[in-house]
$ cat coords_24.txt   # compact mmCIF, C-alpha atoms
# COMPACT_ATOMS: atom_id res chain seq x y z
CA MET A 219 -22.86 -79.78 75.49
CA VAL A 220 -23.02 -76.03 75.10
CA LEU A 221 -26.28 -74.39 74.09
CA MET A 222 -26.20 -71.02 72.40
CA LYS A 223 -29.13 -68.69 72.22
CA VAL A 224 -29.49 -66.75 68.98
CA GLU A 225 -31.46 -63.56 69.15
CA THR A 226 -32.83 -61.92 66.05
CA SER A 227 -34.19 -58.41 66.16
CA ARG A 228 -37.53 -57.56 64.66
CA ARG A 229 -35.70 -55.35 62.12
CA ASP A 230 -33.52 -58.30 60.96
CA ALA A 231 -36.57 -60.57 60.66
CA LEU A 232 -38.49 -58.00 58.59
CA ALA A 233 -35.51 -57.39 56.32
CA LEU A 234 -35.09 -61.14 55.74
CA ALA A 235 -38.81 -61.55 55.04
CA GLY A 236 -38.69 -58.64 52.56
CA LEU A 237 -35.75 -60.18 50.70
CA GLY A 238 -37.50 -63.54 50.58
CA GLY A 239 -40.66 -61.95 49.19
CA LEU A 240 -38.69 -60.05 46.54
CA ALA A 241 -36.87 -63.23 45.52
CA ALA A 242 -40.20 -65.09 45.29
CA LEU A 243 -41.59 -62.39 42.98
CA LEU A 244 -38.56 -62.05 40.73
CA ALA A 245 -37.25 -65.62 40.51
CA PRO A 246 -40.07 -67.08 38.39
CA ARG A 247 -39.80 -64.27 35.85
CA MET A 248 -36.04 -64.60 35.57
CA SER A 249 -35.96 -68.38 35.22
CA PHE A 250 -37.94 -68.91 32.02
CA ALA A 251 -36.22 -70.26 28.94
CA ASP A 252 -36.31 -68.30 25.70
CA VAL A 253 -35.73 -68.90 22.01
CA ALA A 254 -31.97 -68.75 22.57
CA ALA A 255 -32.18 -71.44 25.28
CA VAL A 256 -34.13 -73.74 22.94
CA ASP A 257 -31.60 -73.11 20.16
CA ALA A 258 -28.76 -73.88 22.58
CA GLU A 259 -30.38 -77.19 23.59
CA ILE A 260 -30.82 -78.17 19.94
CA LYS A 261 -27.23 -77.17 19.22
CA LYS A 262 -26.06 -79.39 22.13
CA LEU A 263 -27.82 -82.34 20.53
CA TYR A 264 -27.05 -81.76 16.85
CA GLY A 265 -24.37 -79.08 16.51
CA ASP A 266 -24.79 -76.77 13.53
CA LYS A 267 -26.88 -79.24 11.51
CA LYS A 268 -29.93 -77.42 10.11
CA PRO A 269 -33.32 -79.17 10.23
CA GLU A 270 -35.66 -79.21 7.25
CA SER A 271 -39.39 -78.59 7.48
CA GLY A 272 -41.99 -81.27 6.86
CA LYS A 273 -42.69 -84.86 7.93
CA ILE A 274 -43.78 -83.86 11.47
CA LYS A 275 -47.39 -83.46 12.51
CA LEU A 276 -47.46 -81.55 15.81
CA ASP A 277 -50.96 -81.40 17.26
CA VAL A 278 -51.32 -78.85 20.08
CA PRO A 279 -54.25 -76.54 20.87
CA GLU A 280 -54.02 -72.96 19.61
CA ILE A 281 -55.51 -71.76 22.89
CA ALA A 282 -54.99 -73.65 26.15
CA GLU A 283 -57.50 -72.54 28.74
CA ASN A 284 -55.47 -74.16 31.49
CA GLY A 285 -51.68 -74.35 31.22
CA LEU A 286 -51.58 -77.25 33.70
CA VAL A 287 -52.74 -79.83 31.15
CA VAL A 288 -51.87 -79.04 27.55
CA PRO A 289 -52.15 -82.09 25.27
CA VAL A 290 -49.31 -82.65 22.81
CA ASN A 291 -49.49 -85.22 20.01
CA VAL A 292 -46.53 -85.83 17.70
CA GLU A 293 -46.48 -88.00 14.61
CA VAL A 294 -43.61 -88.30 12.13
CA GLU A 295 -44.12 -89.58 8.61
CA SER A 296 -41.79 -92.55 8.14
CA PRO A 297 -41.98 -96.12 6.79
CA MET A 298 -40.29 -97.33 10.01
CA THR A 299 -38.23 -99.99 8.23
CA ASP A 300 -34.70 -101.08 9.15
CA ALA A 301 -33.33 -98.80 6.41
CA ASP A 302 -35.52 -95.74 7.12
CA TYR A 303 -36.96 -94.92 10.53
CA VAL A 304 -37.28 -92.17 13.12
CA LYS A 305 -34.56 -92.44 15.79
CA ALA A 306 -35.71 -89.71 18.15
CA VAL A 307 -38.22 -86.90 18.62
CA HIS A 308 -37.55 -83.98 20.98
CA VAL A 309 -40.14 -81.42 22.13
CA PHE A 310 -39.08 -78.02 23.48
CA ALA A 311 -40.96 -75.00 24.90
CA ASP A 312 -39.37 -71.57 24.80
CA GLY A 313 -41.23 -70.10 27.78
CA ASN A 314 -40.96 -72.77 30.47
CA PRO A 315 -38.30 -72.88 33.19
CA LEU A 316 -36.47 -75.67 31.31
CA PRO A 317 -36.64 -75.72 27.51
CA GLY A 318 -36.65 -79.51 27.08
CA ILE A 319 -40.11 -80.99 27.61
CA VAL A 320 -39.86 -84.60 26.44
CA SER A 321 -37.73 -86.85 24.24
CA TYR A 322 -38.88 -90.07 22.60
CA LYS A 323 -36.66 -92.83 21.16
CA PHE A 324 -37.99 -95.05 18.38
CA THR A 325 -36.86 -98.22 16.61
CA PRO A 326 -38.19 -99.93 13.47
CA ALA A 327 -40.03 -102.33 15.79
CA CYS A 328 -42.30 -99.46 16.91
CA GLY A 329 -44.15 -99.61 13.59
CA LYS A 330 -45.23 -95.97 13.84
CA ALA A 331 -43.42 -92.86 15.07
CA ALA A 332 -46.19 -91.31 17.17
CA ALA A 333 -46.47 -90.26 20.80
CA SER A 334 -48.78 -88.28 23.07
CA THR A 335 -48.30 -86.52 26.36
CA ARG A 336 -49.57 -83.63 28.43
CA MET A 337 -47.36 -80.81 29.58
CA ARG A 338 -47.45 -77.70 31.69
CA LEU A 339 -47.05 -74.37 30.00
CA ALA A 340 -46.42 -71.34 32.19
CA GLN A 341 -47.35 -68.76 29.56
CA THR A 342 -48.07 -68.25 25.87
CA GLN A 343 -45.12 -69.72 23.99
CA ASN A 344 -43.79 -71.69 21.04
CA ILE A 345 -43.56 -75.47 21.04
CA VAL A 346 -40.69 -76.73 18.89
CA CYS A 347 -40.41 -80.33 17.73
CA ILE A 348 -37.26 -81.89 16.21
CA ALA A 349 -37.26 -85.35 14.60
CA GLU A 350 -33.99 -87.20 13.98
CA MET A 351 -34.10 -89.80 11.21
CA SER A 352 -31.95 -92.94 10.96
CA ASN A 353 -29.96 -91.44 8.06
CA GLY A 354 -28.99 -88.46 10.22
CA SER A 355 -31.36 -85.92 8.67
CA LEU A 356 -33.37 -83.60 10.91
CA TYR A 357 -36.88 -82.25 10.56
CA SER A 358 -38.46 -79.47 12.57
CA THR A 359 -41.81 -77.85 13.15
CA LYS A 360 -43.14 -75.18 15.51
CA ALA A 361 -46.54 -74.23 16.93
CA ASN A 362 -47.64 -71.34 19.14
CA VAL A 363 -49.91 -72.05 22.11
CA LYS A 364 -51.74 -69.22 23.86
CA VAL A 365 -52.16 -69.96 27.57
CA THR A 366 -54.96 -68.15 29.40
CA ILE A 367 -54.24 -69.56 32.89
CA GLY A 368 -50.58 -70.41 33.50
CA GLY A 369 -49.68 -73.89 34.61
CA CYS A 370 -46.60 -73.04 36.66
CA GLY A 371 -48.07 -70.92 39.40
CA GLY A 372 -49.79 -68.15 37.46
$ encode --input "coords_24.txt" --output "structure tokens"
Amino acid sequence: MVLMKVETSRRDALALAGLGGLAALLAPRMSFADVAAVDAEIKKLYGDKKPESGKIKLDVPEIAENGLVVPVNVEVESPMTDADYVKAVHVFADGNPLPGIVSYKFTPACGKAAASTRMRLAQTQNIVCIAEMSNGSLYSTKANVKVTIGGCGG
């Protein structure tokens, strides 16, 4: 077995530490989604199909004092019968590192198309909700949440 000794100069160590610090400062700012990223995610799911407004009640706070725990309540108006029900609900945020927050699947057996969760929001941003109905139609709504203390490290 051959052992090799690697020597690093103080100059190399400081340069590496400086690059690491710069990457740590810039990476979070560069990695946030935007409106285009949310639109791209929706397009991946539904192509060029345009959602209508209405039917969705999106309950989020206007001001979130702490971005670590932002409550999100979604309810979609639907009879939830075999002929007419909500198939899926998708929630997106245009300022988080990944635009997709949560997706829910529903069946007529659910009885009601409603769900609640908590999410992290890194900064003030829009929350977009898309509901897919059993007949293929789409509904959309949007809400803006102001975050005073970021939930993703800021």
$ residues_near_point --input "coords_24.txt" --point "(-42.4, -75.2, 16.9)" --cutoff "12 Å" --atoms "all atoms listed in the file" --output "PyMOL selection string"
chain A and resi 253+256-257+269+271-272+274-278+290+292+308-312+343-349+357-363
$ atom_distance --input "coords_24.txt" --atom1 "atom CA of A:Asn291" --atom2 "atom CA of A:Ala306"
14.6 Å
$ atom_distance --input "coords_24.txt" --atom1 "atom CA of A:Glu259" --atom2 "atom CA of A:Thr299"
28.6 Å
$ atom_distance --input "coords_24.txt" --atom1 "atom CA of A:Ile281" --atom2 "atom CA of A:Val304"
29.1 Å
$ residues_near_point --input "coords_24.txt" --point "(-40.4, -67.2, 30.7)" --cutoff "6 Å" --atoms "only C-alpha atoms" --output "MDAnalysis selection string"
chainID A and resid 247 250:251 313:314
